[in-house]
Amino acid sequence: MKLLRLLAAQLFAATFVLATLSSPAHADTPEGDAQLALEWQTAWDTYKFYDSTPPPRPGSGRSRAKSSISITINAPIERVFSLYSNINNHVGMHSFLKRVVTHKDWYRNRTRYINFTAVEEIPYEGAIVVSNTHAQQRINRDKFFYETDTWSLPNVVTHQKIVFEKRPGGKTEVTENLTFDADTSLIDFVVANGTASHEVNQTALKQAIESGEL
């Protein structure tokens, strides 16, 4: 636990410094959104976060780890898929996620592609750290799954495949398969924190869908 707290402090300190230096003022303005679009493109071109293979090379200082979480939602698969795959419905489900800025939204070969940035506000030692997660989502409505690739400071890449399956009684099982790439010194914390964050989000979405809030 002491190691995880140390790694957490390192991660948030690095994020705080880099976010302070790189985040534009007034990120909730159209000018800020244009800057986020430029940052998204730079991350896409520089870090190639859409490429899940090959894994980091031995000795590169980076590692890959995977986790998988599932939840059953008492609602038909069509409704669950439509609501769950809409990233805008995730805002407010986790206390850090404040808004989503969509840069591009289009269809190709019956798959919907969305380039976006998720803006999080993270409390850290009396300050608010603005963390921008740049992402591409690919939604396959015909086969009830979607994929999302993301990049965020300090150079953390995630590859996600979220699969929806019918279950008896009109229920739907949602399984999130998560792959994390990060610096080796941070990989354990990134996996633990990232997985926990997704579990919180899953639970909140389940409650919102079943209650009719969404």
# chains A, B, ... in the order shown; residues from 1 in each chain; ligands from 1
>>> residues_around(residues="segment 50-54 of chain A", least_positions_apart="3", cutoff="8 Å", atoms="only C-alpha atoms", output="number ranges by chain")
A: 44, 136, 149-150, 159
>>> residues_around(residues="segment 203-207 of chain A", least_positions_apart="4", cutoff="10 Å", atoms="only C-alpha atoms", output="ChimeraX atom specification")
/A:71-75,80,83-84,89-90,92-94,174,198-199,211-214
>>> write_last_selection(atoms="C-alpha atoms", output="mmCIF file, in the first residue's frame")
data_model
loop_
_atom_site.group_PDB
_atom_site.id
_atom_site.type_symbol
_atom_site.label_atom_id
_atom_site.label_comp_id
_atom_site.auth_asym_id
_atom_site.auth_seq_id
_atom_site.Cartn_x
_atom_site.Cartn_y
_atom_site.Cartn_z
ATOM 1 C CA ILE A 71 -21.602 -6.382 -14.616
ATOM 2 C CA THR A 72 -25.179 -7.516 -15.305
ATOM 3 C CA ILE A 73 -27.786 -4.854 -15.994
ATOM 4 C CA ASN A 74 -31.504 -5.559 -15.725
ATOM 5 C CA ALA A 75 -32.485 -4.115 -19.111
ATOM 6 C CA VAL A 80 -28.152 -0.984 -22.523
ATOM 7 C CA LEU A 83 -27.007 4.183 -23.391
ATOM 8 C CA TYR A 84 -23.724 2.619 -22.269
ATOM 9 C CA ASN A 89 -23.806 9.473 -20.576
ATOM 10 C CA HIS A 90 -20.618 8.752 -18.612
ATOM 11 C CA GLY A 92 -21.255 12.601 -13.858
ATOM 12 C CA MET A 93 -21.031 8.835 -13.365
ATOM 13 C CA HIS A 94 -17.512 9.336 -12.023
ATOM 14 C CA VAL A 174 -21.419 -5.978 -19.984
ATOM 15 C CA HIS A 198 -14.076 1.626 -14.574
ATOM 16 C CA GLU A 199 -15.814 -0.374 -11.825
ATOM 17 C CA SER A 211 -33.681 3.372 -12.441
ATOM 18 C CA GLY A 212 -34.645 5.095 -15.681
ATOM 19 C CA GLU A 213 -32.385 8.076 -14.962
ATOM 20 C CA LEU A 214 -30.886 7.435 -18.411
#
>>> closest_residue(among="A:Thr184, A:Asn132, A:Asn140, A:Asn155", to="Thr46 of chain A", atoms="only C-alpha atoms")
A:Asn155
>>> select_by_dssp(residues="segment 4-160 of chain A", states="strand (DSSP E)", output="ChimeraX atom specification")
/A:62-73,97-108,111-124,127-140,145-152,156-160
>>> closest_residue(among="A:Ser185, A:Thr133, A:Asn109, A:Ser70", to="Ile162 of chain A", atoms="only C-alpha atoms")
A:Ser70
>>> atom_distance(atom1="atom CA of Gln160 of chain A", atom2="atom CA of Thr179 of chain A")
6.4 Å
>>> select_by_dssp(residues="segment 9-132 of chain A", states="alpha helix (DSSP H)", output="NGL selection string")
:A and (9-22 or 30-47 or 77-84)
>>> write_last_selection(atoms="N, CA and C atoms", output="short mmCIF file (atom, residue, chain, number, x, y, z; two decimals), in the first residue's frame")
data_model
loop_
_atom_site.label_atom_id
_atom_site.label_comp_id
_atom_site.auth_asym_id
_atom_site.auth_seq_id
_atom_site.Cartn_x
_atom_site.Cartn_y
_atom_site.Cartn_z
N ALA A 9 1.30 9.40 -5.78
CA ALA A 9 1.81 10.76 -5.63
C ALA A 9 2.67 11.15 -6.82
N GLN A 10 3.52 10.23 -7.29
CA GLN A 10 4.35 10.50 -8.46
C GLN A 10 3.49 10.77 -9.68
N LEU A 11 2.48 9.94 -9.87
CA LEU A 11 1.62 10.06 -11.04
C LEU A 11 0.89 11.40 -11.04
N PHE A 12 0.24 11.73 -9.92
CA PHE A 12 -0.53 12.97 -9.88
C PHE A 12 0.37 14.20 -9.88
N ALA A 13 1.56 14.08 -9.29
CA ALA A 13 2.49 15.20 -9.33
C ALA A 13 2.93 15.46 -10.76
N ALA A 14 3.24 14.38 -11.49
CA ALA A 14 3.64 14.54 -12.89
C ALA A 14 2.49 15.10 -13.71
N THR A 15 1.30 14.57 -13.47
CA THR A 15 0.13 15.07 -14.19
C THR A 15 -0.10 16.54 -13.89
N PHE A 16 0.06 16.91 -12.60
CA PHE A 16 -0.19 18.29 -12.21
C PHE A 16 0.77 19.24 -12.92
N VAL A 17 2.06 18.90 -12.92
CA VAL A 17 3.05 19.76 -13.55
C VAL A 17 2.81 19.87 -15.04
N LEU A 18 2.60 18.74 -15.70
CA LEU A 18 2.43 18.75 -17.15
C LEU A 18 1.11 19.41 -17.54
N ALA A 19 0.06 19.14 -16.77
CA ALA A 19 -1.23 19.75 -17.08
C ALA A 19 -1.18 21.26 -16.89
N THR A 20 -0.49 21.70 -15.84
CA THR A 20 -0.37 23.12 -15.60
C THR A 20 0.37 23.81 -16.72
N LEU A 21 1.40 23.13 -17.26
CA LEU A 21 2.19 23.73 -18.32
C LEU A 21 1.49 23.68 -19.66
N SER A 22 0.69 22.63 -19.91
CA SER A 22 0.17 22.41 -21.26
C SER A 22 -1.30 22.75 -21.43
N PRO A 30 -14.91 27.68 -26.59
CA PRO A 30 -14.62 27.18 -27.94
C PRO A 30 -13.14 27.25 -28.29
N GLU A 31 -12.45 28.31 -27.80
CA GLU A 31 -11.02 28.39 -28.07
C GLU A 31 -10.28 27.24 -27.41
N GLY A 32 -10.70 26.92 -26.17
CA GLY A 32 -10.09 25.79 -25.47
C GLY A 32 -10.37 24.48 -26.17
N ASP A 33 -11.57 24.33 -26.71
CA ASP A 33 -11.92 23.11 -27.44
C ASP A 33 -11.08 22.96 -28.70
N ALA A 34 -10.79 24.06 -29.37
CA ALA A 34 -9.93 24.00 -30.55
C ALA A 34 -8.52 23.56 -30.16
N GLN A 35 -8.05 24.05 -29.01
CA GLN A 35 -6.73 23.64 -28.53
C GLN A 35 -6.73 22.16 -28.18
N LEU A 36 -7.82 21.68 -27.57
CA LEU A 36 -7.92 20.25 -27.25
C LEU A 36 -7.87 19.41 -28.51
N ALA A 37 -8.49 19.89 -29.59
CA ALA A 37 -8.46 19.15 -30.85
C ALA A 37 -7.03 19.05 -31.38
N LEU A 38 -6.26 20.12 -31.24
CA LEU A 38 -4.86 20.09 -31.66
C LEU A 38 -4.05 19.12 -30.79
N GLU A 39 -4.32 19.14 -29.48
CA GLU A 39 -3.64 18.21 -28.58
C GLU A 39 -4.00 16.77 -28.91
N TRP A 40 -5.28 16.54 -29.23
CA TRP A 40 -5.71 15.20 -29.62
C TRP A 40 -4.92 14.71 -30.83
N GLN A 41 -4.82 15.53 -31.85
CA GLN A 41 -4.12 15.13 -33.08
C GLN A 41 -2.64 14.88 -32.81
N THR A 42 -2.04 15.72 -31.96
CA THR A 42 -0.62 15.53 -31.62
C THR A 42 -0.41 14.20 -30.91
N ALA A 43 -1.30 13.88 -29.95
CA ALA A 43 -1.20 12.61 -29.24
C ALA A 43 -1.39 11.43 -30.18
N TRP A 44 -2.36 11.55 -31.10
CA TRP A 44 -2.64 10.49 -32.07
C TRP A 44 -1.42 10.23 -32.95
N ASP A 45 -0.80 11.31 -33.43
CA ASP A 45 0.35 11.19 -34.33
C ASP A 45 1.61 10.77 -33.61
N THR A 46 1.81 11.28 -32.39
CA THR A 46 3.07 11.07 -31.67
C THR A 46 3.10 9.73 -30.95
N TYR A 47 2.05 9.43 -30.22
CA TYR A 47 2.04 8.23 -29.38
C TYR A 47 1.35 7.04 -30.02
N ILE A 77 -30.70 -5.67 -24.15
CA ILE A 77 -29.38 -5.37 -24.69
C ILE A 77 -29.40 -4.14 -25.59
N GLU A 78 -30.47 -3.95 -26.37
CA GLU A 78 -30.51 -2.79 -27.26
C GLU A 78 -30.46 -1.48 -26.48
N ARG A 79 -31.22 -1.44 -25.38
CA ARG A 79 -31.26 -0.22 -24.56
C ARG A 79 -29.94 -0.02 -23.83
N VAL A 80 -29.41 -1.09 -23.26
CA VAL A 80 -28.15 -0.98 -22.52
C VAL A 80 -27.03 -0.54 -23.45
N PHE A 81 -26.96 -1.15 -24.62
CA PHE A 81 -25.89 -0.81 -25.55
C PHE A 81 -25.96 0.65 -25.98
N SER A 82 -27.17 1.10 -26.32
CA SER A 82 -27.35 2.47 -26.78
C SER A 82 -26.92 3.48 -25.71
N LEU A 83 -27.31 3.24 -24.46
CA LEU A 83 -27.01 4.18 -23.39
C LEU A 83 -25.56 4.07 -22.92
N TYR A 84 -25.06 2.86 -22.81
CA TYR A 84 -23.72 2.62 -22.27
C TYR A 84 -22.65 3.08 -23.25
#
>>> decode(residues="segment 30-44 of chain A", atoms="all heavy atoms", output="PDB file, in the first residue's frame")
ATOM      1  N   PRO A  30     -14.911  27.677 -26.590  1.00  0.00           N
ATOM      2  CA  PRO A  30     -14.623  27.178 -27.938  1.00  0.00           C
ATOM      3  C   PRO A  30     -13.141  27.246 -28.289  1.00  0.00           C
ATOM      4  O   PRO A  30     -12.616  26.362 -28.959  1.00  0.00           O
ATOM      5  CB  PRO A  30     -15.458  28.106 -28.824  1.00  0.00           C
ATOM      6  CG  PRO A  30     -16.596  28.547 -27.943  1.00  0.00           C
ATOM      7  CD  PRO A  30     -15.998  28.671 -26.568  1.00  0.00           C
ATOM      8  N   GLU A  31     -12.446  28.310 -27.803  1.00  0.00           N
ATOM      9  CA  GLU A  31     -11.019  28.393 -28.069  1.00  0.00           C
ATOM     10  C   GLU A  31     -10.279  27.241 -27.406  1.00  0.00           C
ATOM     11  O   GLU A  31      -9.374  26.641 -27.968  1.00  0.00           O
ATOM     12  CB  GLU A  31     -10.468  29.729 -27.562  1.00  0.00           C
ATOM     13  CG  GLU A  31     -10.967  30.943 -28.310  1.00  0.00           C
ATOM     14  CD  GLU A  31     -12.337  31.418 -27.807  1.00  0.00           C
ATOM     15  OE1 GLU A  31     -12.879  30.799 -26.871  1.00  0.00           O
ATOM     16  OE2 GLU A  31     -12.851  32.393 -28.367  1.00  0.00           O
ATOM     17  N   GLY A  32     -10.700  26.916 -26.166  1.00  0.00           N
ATOM     18  CA  GLY A  32     -10.093  25.795 -25.468  1.00  0.00           C
ATOM     19  C   GLY A  32     -10.369  24.484 -26.171  1.00  0.00           C
ATOM     20  O   GLY A  32      -9.510  23.605 -26.241  1.00  0.00           O
ATOM     21  N   ASP A  33     -11.573  24.328 -26.714  1.00  0.00           N
ATOM     22  CA  ASP A  33     -11.921  23.106 -27.438  1.00  0.00           C
ATOM     23  C   ASP A  33     -11.077  22.960 -28.696  1.00  0.00           C
ATOM     24  O   ASP A  33     -10.685  21.844 -29.062  1.00  0.00           O
ATOM     25  CB  ASP A  33     -13.403  23.109 -27.796  1.00  0.00           C
ATOM     26  CG  ASP A  33     -14.294  22.938 -26.571  1.00  0.00           C
ATOM     27  OD1 ASP A  33     -13.746  22.728 -25.464  1.00  0.00           O
ATOM     28  OD2 ASP A  33     -15.528  23.019 -26.712  1.00  0.00           O
ATOM     29  N   ALA A  34     -10.788  24.057 -29.374  1.00  0.00           N
ATOM     30  CA  ALA A  34      -9.934  24.000 -30.553  1.00  0.00           C
ATOM     31  C   ALA A  34      -8.524  23.562 -30.163  1.00  0.00           C
ATOM     32  O   ALA A  34      -7.882  22.779 -30.880  1.00  0.00           O
ATOM     33  CB  ALA A  34      -9.904  25.364 -31.242  1.00  0.00           C
ATOM     34  N   GLN A  35      -8.046  24.050 -29.013  1.00  0.00           N
ATOM     35  CA  GLN A  35      -6.733  23.639 -28.532  1.00  0.00           C
ATOM     36  C   GLN A  35      -6.728  22.159 -28.179  1.00  0.00           C
ATOM     37  O   GLN A  35      -5.759  21.439 -28.457  1.00  0.00           O
ATOM     38  CB  GLN A  35      -6.345  24.471 -27.306  1.00  0.00           C
ATOM     39  CG  GLN A  35      -4.992  24.095 -26.691  1.00  0.00           C
ATOM     40  CD  GLN A  35      -3.837  24.335 -27.630  1.00  0.00           C
ATOM     41  OE1 GLN A  35      -3.870  25.268 -28.436  1.00  0.00           O
ATOM     42  NE2 GLN A  35      -2.813  23.504 -27.539  1.00  0.00           N
ATOM     43  N   LEU A  36      -7.817  21.679 -27.570  1.00  0.00           N
ATOM     44  CA  LEU A  36      -7.919  20.253 -27.251  1.00  0.00           C
ATOM     45  C   LEU A  36      -7.875  19.406 -28.513  1.00  0.00           C
ATOM     46  O   LEU A  36      -7.284  18.315 -28.521  1.00  0.00           O
ATOM     47  CB  LEU A  36      -9.210  19.977 -26.481  1.00  0.00           C
ATOM     48  CG  LEU A  36      -9.258  20.398 -25.017  1.00  0.00           C
ATOM     49  CD1 LEU A  36     -10.634  20.120 -24.427  1.00  0.00           C
ATOM     50  CD2 LEU A  36      -8.179  19.690 -24.206  1.00  0.00           C
ATOM     51  N   ALA A  37      -8.486  19.888 -29.586  1.00  0.00           N
ATOM     52  CA  ALA A  37      -8.457  19.152 -30.853  1.00  0.00           C
ATOM     53  C   ALA A  37      -7.031  19.045 -31.379  1.00  0.00           C
ATOM     54  O   ALA A  37      -6.628  17.988 -31.896  1.00  0.00           O
ATOM     55  CB  ALA A  37      -9.355  19.835 -31.879  1.00  0.00           C
ATOM     56  N   LEU A  38      -6.257  20.123 -31.241  1.00  0.00           N
ATOM     57  CA  LEU A  38      -4.856  20.089 -31.660  1.00  0.00           C
ATOM     58  C   LEU A  38      -4.053  19.122 -30.789  1.00  0.00           C
ATOM     59  O   LEU A  38      -3.216  18.360 -31.295  1.00  0.00           O
ATOM     60  CB  LEU A  38      -4.251  21.489 -31.583  1.00  0.00           C
ATOM     61  CG  LEU A  38      -4.768  22.518 -32.589  1.00  0.00           C
ATOM     62  CD1 LEU A  38      -4.156  23.886 -32.308  1.00  0.00           C
ATOM     63  CD2 LEU A  38      -4.436  22.084 -34.019  1.00  0.00           C
ATOM     64  N   GLU A  39      -4.319  19.136 -29.480  1.00  0.00           N
ATOM     65  CA  GLU A  39      -3.636  18.211 -28.578  1.00  0.00           C
ATOM     66  C   GLU A  39      -3.996  16.765 -28.911  1.00  0.00           C
ATOM     67  O   GLU A  39      -3.141  15.870 -28.855  1.00  0.00           O
ATOM     68  CB  GLU A  39      -4.008  18.528 -27.130  1.00  0.00           C
ATOM     69  CG  GLU A  39      -3.455  19.849 -26.625  1.00  0.00           C
ATOM     70  CD  GLU A  39      -3.884  20.135 -25.202  1.00  0.00           C
ATOM     71  OE1 GLU A  39      -4.425  19.218 -24.536  1.00  0.00           O
ATOM     72  OE2 GLU A  39      -3.693  21.273 -24.748  1.00  0.00           O
ATOM     73  N   TRP A  40      -5.281  16.540 -29.235  1.00  0.00           N
ATOM     74  CA  TRP A  40      -5.711  15.196 -29.619  1.00  0.00           C
ATOM     75  C   TRP A  40      -4.919  14.707 -30.827  1.00  0.00           C
ATOM     76  O   TRP A  40      -4.395  13.579 -30.825  1.00  0.00           O
ATOM     77  CB  TRP A  40      -7.214  15.188 -29.949  1.00  0.00           C
ATOM     78  CG  TRP A  40      -7.755  13.813 -30.211  1.00  0.00           C
ATOM     79  CD1 TRP A  40      -8.404  13.009 -29.334  1.00  0.00           C
ATOM     80  CD2 TRP A  40      -7.663  13.073 -31.446  1.00  0.00           C
ATOM     81  NE1 TRP A  40      -8.726  11.808 -29.930  1.00  0.00           N
ATOM     82  CE2 TRP A  40      -8.274  11.819 -31.220  1.00  0.00           C
ATOM     83  CE3 TRP A  40      -7.121  13.340 -32.693  1.00  0.00           C
ATOM     84  CZ2 TRP A  40      -8.367  10.847 -32.209  1.00  0.00           C
ATOM     85  CZ3 TRP A  40      -7.200  12.364 -33.686  1.00  0.00           C
ATOM     86  CH2 TRP A  40      -7.820  11.137 -33.447  1.00  0.00           C
ATOM     87  N   GLN A  41      -4.815  15.527 -31.852  1.00  0.00           N
ATOM     88  CA  GLN A  41      -4.118  15.127 -33.079  1.00  0.00           C
ATOM     89  C   GLN A  41      -2.639  14.877 -32.812  1.00  0.00           C
ATOM     90  O   GLN A  41      -2.047  13.935 -33.350  1.00  0.00           O
ATOM     91  CB  GLN A  41      -4.282  16.200 -34.155  1.00  0.00           C
ATOM     92  CG  GLN A  41      -3.831  15.738 -35.539  1.00  0.00           C
ATOM     93  CD  GLN A  41      -4.663  14.581 -36.069  1.00  0.00           C
ATOM     94  OE1 GLN A  41      -5.886  14.681 -36.132  1.00  0.00           O
ATOM     95  NE2 GLN A  41      -4.008  13.482 -36.436  1.00  0.00           N
ATOM     96  N   THR A  42      -2.037  15.715 -31.961  1.00  0.00           N
ATOM     97  CA  THR A  42      -0.624  15.528 -31.624  1.00  0.00           C
ATOM     98  C   THR A  42      -0.412  14.199 -30.910  1.00  0.00           C
ATOM     99  O   THR A  42       0.531  13.453 -31.213  1.00  0.00           O
ATOM    100  CB  THR A  42      -0.123  16.677 -30.733  1.00  0.00           C
ATOM    101  OG1 THR A  42      -0.217  17.901 -31.456  1.00  0.00           O
ATOM    102  CG2 THR A  42       1.325  16.459 -30.314  1.00  0.00           C
ATOM    103  N   ALA A  43      -1.302  13.882 -29.951  1.00  0.00           N
ATOM    104  CA  ALA A  43      -1.198  12.608 -29.238  1.00  0.00           C
ATOM    105  C   ALA A  43      -1.387  11.432 -30.185  1.00  0.00           C
ATOM    106  O   ALA A  43      -0.666  10.432 -30.124  1.00  0.00           O
ATOM    107  CB  ALA A  43      -2.228  12.556 -28.107  1.00  0.00           C
ATOM    108  N   TRP A  44      -2.363  11.550 -31.095  1.00  0.00           N
ATOM    109  CA  TRP A  44      -2.635  10.489 -32.070  1.00  0.00           C
ATOM    110  C   TRP A  44      -1.418  10.229 -32.954  1.00  0.00           C
ATOM    111  O   TRP A  44      -1.041   9.081 -33.194  1.00  0.00           O
ATOM    112  CB  TRP A  44      -3.832  10.903 -32.908  1.00  0.00           C
ATOM    113  CG  TRP A  44      -4.305   9.921 -33.934  1.00  0.00           C
ATOM    114  CD1 TRP A  44      -3.998   9.914 -35.268  1.00  0.00           C
ATOM    115  CD2 TRP A  44      -5.176   8.799 -33.736  1.00  0.00           C
ATOM    116  NE1 TRP A  44      -4.629   8.880 -35.910  1.00  0.00           N
ATOM    117  CE2 TRP A  44      -5.364   8.177 -34.989  1.00  0.00           C
ATOM    118  CE3 TRP A  44      -5.831   8.288 -32.619  1.00  0.00           C
ATOM    119  CZ2 TRP A  44      -6.170   7.050 -35.155  1.00  0.00           C
ATOM    120  CZ3 TRP A  44      -6.628   7.155 -32.791  1.00  0.00           C
ATOM    121  CH2 TRP A  44      -6.788   6.564 -34.037  1.00  0.00           C
TER     122      TRP A  44
END
